[in-house]
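Since the structure comes first, as structure tokens, the remarks are kept for the end.
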Amino acid sequence: MMPATHTQAPSESRLLSPFFSFFIVVGAQISVGVLGFERIIATFSGQDAWLSVVLAGMTVHVLVWLLYGILKRGEGDLVAIHKAVLGKAVGGLLNLYFIGYFALLAYTVIRTYIEIIQMWMFVEVYVWVLFLLLVCLAYSYVTNGLRVVVGLCVIGLFVSAPLLLANYFAFTHANVSNLFPLFEHSPQAILLGSKAMTLNMLGFEVLLVAYPFLKNGPASQKWSHLAVFTTTLIYTLAIVLTTIYFNQNQLNQTIWATITLWKVVDLSVIERFEYIGISTWLFVVLPTICLLLWAASRIANQAFSIKQRTGLRLLIVLLFVCSFFVVGRKEVNQLNDMTAAIGFWTIITYVPFLYIAQKVKLAVIKGGNKR
């Protein structure tokens, strides 16, 4: 195990049972992306897009396994592990990077959800108005601690379930033959589709910060893997459904496929179900925003001795200012592409690097102790 480093451990009353890691991971991964990821994946792998989703889920399972290897040996959060493995200076720079990283993820989720509201409901509303409302709402939850945020994740999961199940009204209009021929696309196309899933699978890295808040942290690993399996299953079922409902030409022109499927829902008491779905999806998006802002402000607190509430306020002001610079669908697409690229290289390269660096550091320490 790594040598002890100074970090502010959470009190017993703030700890969570291991199974809550399930809600943390699901809350981070099931967000605004599920409403329109299908077109992006199908651009690369067509009717075999479901294979790309499964491959992405399998990759995340491996990364979660590596992540828990780091956390179990480190006996602390990301800040303590950085200091023990990479030293105070380099670790401090990386802590600063992850503050920006989690803040960027939160900003992307907020801005993308606002784009949906503008496109489907309130065309003329100002971006900054909705942005301010969302960050103020998130602030009220994050300042009450991780337990409240995780409780919000639990609510979000139960809210999303009936909304996603409503998609199956589209089965009556489905054409299963759209899934065939199977395995028509090359391995390269499948891999590119899997890479395009990155933005939807990000968020599990919050465990690097939340781990000390879990009672018997190692016991939470099975729940985290179950969460990844659940999110992969949700995304797989969603893309299979859209593939059999739309042909490939239609899917390539449908930006928000899941929302479009909500238009098929025919209930006598509700005329425009997609309005209900988009509005209610706030309870799914909000937990993701809160988790990411909590992680960013927690790192600031642990690494730079800034009060978490103060760090959160600074982050919210910064994100609010940035809301004036991303306007229009084109800029939102560019933001999503940039965030996906940064997220991809962060999880694919840095998590394995930290895993290996930690093992090397432990081997060196162990060898030095034997002398």
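Residues in the structure tokens are numbered from 1 in each chain, the chains being A, B, ... in the order shown, and ligands are numbered from 1 in the order shown.
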
Quick one: contact table of region 118-171 of chain A to region 316-320 of chain A, 9 Å max, nearest atom pair and distance in Å to one decimal per residue, counting only C-alpha atoms, chain and number order, as CSV?
```
residue,atom,partner,partner_atom,distance
A:Trp128,CA,A:Phe320,CA,7.2
A:Phe131,CA,A:Phe320,CA,6.8
A:Leu132,CA,A:Phe320,CA,6.7
A:Val135,CA,A:Ile316,CA,6.6
A:Cys136,CA,A:Ile316,CA,8.3
A:Tyr139,CA,A:Ile316,CA,8.1
```

Include C-alpha atoms and write out the residues we just selected as a CSV table (one decimal), in the first residue's frame.
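Contents of part26.csv, freshly written:
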```
chain,number,residue,atom,x,y,z
A,128,TRP,CA,-27.7,32.4,-19.9
A,131,PHE,CA,-27.8,28.2,-17.5
A,132,LEU,CA,-28.1,30.4,-14.4
A,135,VAL,CA,-26.3,26.0,-11.9
A,136,CYS,CA,-28.1,27.7,-9.1
A,139,TYR,CA,-25.4,24.6,-6.2
```

Quiz item: Smallest atom-to-atom distance to Gly92 (chain A): which of A:Asn144, A:Thr198, A:Gln253, A:Ser305, using only C-alpha atoms?
Solution: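 Looking at the shortest contact to Gly92 (chain A), the residue is A:Ser305.
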
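Interatomic distance, CA of Thr310 (chain A) against CA of Val150 (chain A): 21.1 Å.
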
Quiz item: Could you state the separation of CA of Leu191 (chain A) and CA of Ser52 (chain A) in Å, given to one decimal place?
Solution: 6.5 Å

Practice problem: Record the distance separating CA of Leu261 (chain A) and CA of Phe158 (chain A), expressed in Å with one decimal. | Solution: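 For CA of Leu261 (chain A) relative to CA of Phe158 (chain A), the distance reads 19.8 Å.
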
Practice problem: For Val25 (chain A), list every protein, DNA or RNA residue within 9 Å, evaluated using only C-alpha atoms, and leave out those in the same chain fewer than 4 positions away; present the list as an MDAnalysis selection string. | Solution: chainID A and resid 20:21 29:30 203:207 224:225 227:228 231

Go ahead and write the selection's residues with N, CA and C atoms as a PDB file, in the first residue's frame.
```
ATOM      1  N   PHE A  20     -24.144   2.155  -2.965  1.00  0.00           N
ATOM      2  CA  PHE A  20     -24.455   3.460  -3.539  1.00  0.00           C
ATOM      3  C   PHE A  20     -23.512   3.829  -4.685  1.00  0.00           C
ATOM      4  N   SER A  21     -22.401   3.098  -4.820  1.00  0.00           N
ATOM      5  CA  SER A  21     -21.536   3.336  -5.977  1.00  0.00           C
ATOM      6  C   SER A  21     -22.284   3.016  -7.271  1.00  0.00           C
ATOM      7  N   GLN A  29     -23.341   8.437 -15.812  1.00  0.00           N
ATOM      8  CA  GLN A  29     -23.307   7.990 -17.207  1.00  0.00           C
ATOM      9  C   GLN A  29     -24.631   8.159 -17.949  1.00  0.00           C
ATOM     10  N   ILE A  30     -25.743   8.018 -17.260  1.00  0.00           N
ATOM     11  CA  ILE A  30     -27.043   8.200 -17.922  1.00  0.00           C
ATOM     12  C   ILE A  30     -27.442   9.658 -17.767  1.00  0.00           C
ATOM     13  N   GLY A 203     -17.775   9.777 -16.831  1.00  0.00           N
ATOM     14  CA  GLY A 203     -18.409  10.104 -15.555  1.00  0.00           C
ATOM     15  C   GLY A 203     -18.069   9.140 -14.450  1.00  0.00           C
ATOM     16  N   PHE A 204     -17.749   7.879 -14.805  1.00  0.00           N
ATOM     17  CA  PHE A 204     -17.414   6.905 -13.764  1.00  0.00           C
ATOM     18  C   PHE A 204     -16.147   7.314 -13.012  1.00  0.00           C
ATOM     19  N   GLU A 205     -15.337   8.226 -13.612  1.00  0.00           N
ATOM     20  CA  GLU A 205     -14.121   8.697 -12.970  1.00  0.00           C
ATOM     21  C   GLU A 205     -14.396   9.447 -11.666  1.00  0.00           C
ATOM     22  N   VAL A 206     -15.647   9.827 -11.448  1.00  0.00           N
ATOM     23  CA  VAL A 206     -16.026  10.480 -10.185  1.00  0.00           C
ATOM     24  C   VAL A 206     -15.669   9.592  -8.992  1.00  0.00           C
ATOM     25  N   LEU A 207     -15.616   8.287  -9.219  1.00  0.00           N
ATOM     26  CA  LEU A 207     -15.248   7.358  -8.150  1.00  0.00           C
ATOM     27  C   LEU A 207     -13.862   7.651  -7.595  1.00  0.00           C
ATOM     28  N   SER A 224     -20.174  -1.108  -8.776  1.00  0.00           N
ATOM     29  CA  SER A 224     -19.758  -0.227  -9.869  1.00  0.00           C
ATOM     30  C   SER A 224     -19.770  -0.967 -11.198  1.00  0.00           C
ATOM     31  N   HIS A 225     -19.320  -2.222 -11.186  1.00  0.00           N
ATOM     32  CA  HIS A 225     -19.365  -3.020 -12.415  1.00  0.00           C
ATOM     33  C   HIS A 225     -20.813  -3.300 -12.827  1.00  0.00           C
ATOM     34  N   ALA A 227     -23.245  -1.312 -12.297  1.00  0.00           N
ATOM     35  CA  ALA A 227     -23.720  -0.041 -12.849  1.00  0.00           C
ATOM     36  C   ALA A 227     -23.292   0.119 -14.305  1.00  0.00           C
ATOM     37  N   VAL A 228     -22.035  -0.211 -14.593  1.00  0.00           N
ATOM     38  CA  VAL A 228     -21.543  -0.121 -15.981  1.00  0.00           C
ATOM     39  C   VAL A 228     -22.317  -1.088 -16.877  1.00  0.00           C
ATOM     40  N   THR A 231     -25.790   0.548 -17.510  1.00  0.00           N
ATOM     41  CA  THR A 231     -25.770   1.648 -18.473  1.00  0.00           C
ATOM     42  C   THR A 231     -25.493   1.138 -19.885  1.00  0.00           C
TER      43      THR A 231
END
```

Practice problem: Name all residues at most 12 Å from Ile114 (chain A) (count only C-alpha atoms; drop same-chain ones fewer than 2 positions away) and give them as a ChimeraX atom specification. | Solution: /A:32,107-112,116-135,278-279,281-282,285,323,326-329,332

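Minimum atom-to-atom distance to Val209 (chain A), evaluated using only C-alpha atoms, belongs to A:Arg298 out of A:Lys361, A:Arg39, A:Arg298, A:Lys307.
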
Practice problem: Find the spatial neighbours of Leu96 (chain A), counting only C-alpha atoms, within a cut-off of 10 Å - ignore same-chain residues fewer than 6 positions away - and output them as a PyMOL selection string. | Solution: chain A and resi 79+90+296+299-300+303-304

Please dump the current selection as an mmCIF file, in the first residue's frame; keep all heavy atoms.
```cif
data_model
loop_
_atom_site.group_PDB
_atom_site.id
_atom_site.type_symbol
_atom_site.label_atom_id
_atom_site.label_comp_id
_atom_site.auth_asym_id
_atom_site.auth_seq_id
_atom_site.Cartn_x
_atom_site.Cartn_y
_atom_site.Cartn_z
ATOM 1 N N VAL A 79 -6.482 13.054 -5.063
ATOM 2 C CA VAL A 79 -5.490 14.031 -4.603
ATOM 3 C C VAL A 79 -4.371 13.347 -3.821
ATOM 4 O O VAL A 79 -3.174 13.596 -4.061
ATOM 5 C CB VAL A 79 -6.165 15.124 -3.741
ATOM 6 C CG1 VAL A 79 -5.124 16.051 -3.138
ATOM 7 C CG2 VAL A 79 -7.166 15.917 -4.571
ATOM 8 N N VAL A 90 4.008 17.843 -9.502
ATOM 9 C CA VAL A 90 3.323 17.228 -10.646
ATOM 10 C C VAL A 90 1.895 16.846 -10.262
ATOM 11 O O VAL A 90 0.946 17.040 -11.033
ATOM 12 C CB VAL A 90 4.096 15.986 -11.142
ATOM 13 C CG1 VAL A 90 3.328 15.288 -12.269
ATOM 14 C CG2 VAL A 90 5.492 16.378 -11.614
ATOM 15 N N ALA A 296 -15.279 18.291 -8.820
ATOM 16 C CA ALA A 296 -14.346 19.381 -9.112
ATOM 17 C C ALA A 296 -14.067 20.228 -7.873
ATOM 18 O O ALA A 296 -12.909 20.545 -7.564
ATOM 19 C CB ALA A 296 -14.903 20.254 -10.242
ATOM 20 N N ILE A 299 -11.944 18.285 -5.212
ATOM 21 C CA ILE A 299 -10.515 18.264 -5.528
ATOM 22 C C ILE A 299 -9.880 19.600 -5.160
ATOM 23 O O ILE A 299 -8.780 19.652 -4.590
ATOM 24 C CB ILE A 299 -10.288 17.950 -7.018
ATOM 25 C CG1 ILE A 299 -10.744 16.526 -7.344
ATOM 26 C CG2 ILE A 299 -8.805 18.095 -7.381
ATOM 27 C CD1 ILE A 299 -10.690 16.180 -8.815
ATOM 28 N N ALA A 300 -10.565 20.698 -5.480
ATOM 29 C CA ALA A 300 -10.054 22.027 -5.129
ATOM 30 C C ALA A 300 -9.881 22.159 -3.622
ATOM 31 O O ALA A 300 -8.891 22.727 -3.134
ATOM 32 C CB ALA A 300 -10.999 23.103 -5.657
ATOM 33 N N ALA A 303 -6.870 19.626 -2.579
ATOM 34 C CA ALA A 303 -5.554 19.902 -3.151
ATOM 35 C C ALA A 303 -5.031 21.285 -2.804
ATOM 36 O O ALA A 303 -3.826 21.471 -2.614
ATOM 37 C CB ALA A 303 -5.602 19.728 -4.665
ATOM 38 N N PHE A 304 -5.926 22.248 -2.725
ATOM 39 C CA PHE A 304 -5.486 23.630 -2.571
ATOM 40 C C PHE A 304 -6.051 24.317 -1.327
ATOM 41 O O PHE A 304 -5.962 25.535 -1.198
ATOM 42 C CB PHE A 304 -5.856 24.430 -3.826
ATOM 43 C CG PHE A 304 -5.305 23.822 -5.084
ATOM 44 C CD1 PHE A 304 -6.156 23.189 -5.988
ATOM 45 C CD2 PHE A 304 -3.952 23.847 -5.351
ATOM 46 C CE1 PHE A 304 -5.662 22.618 -7.149
ATOM 47 C CE2 PHE A 304 -3.437 23.281 -6.510
ATOM 48 C CZ PHE A 304 -4.293 22.656 -7.414
#
```

Quiz prompt | Spatial neighbours of Ser177 (chain A), max dist 10 Å, only C-alpha atoms, sep filter under 4 positions, as JSON, numbers by chain | solution = {"A": [47, 181, 243, 244, 245, 247]}
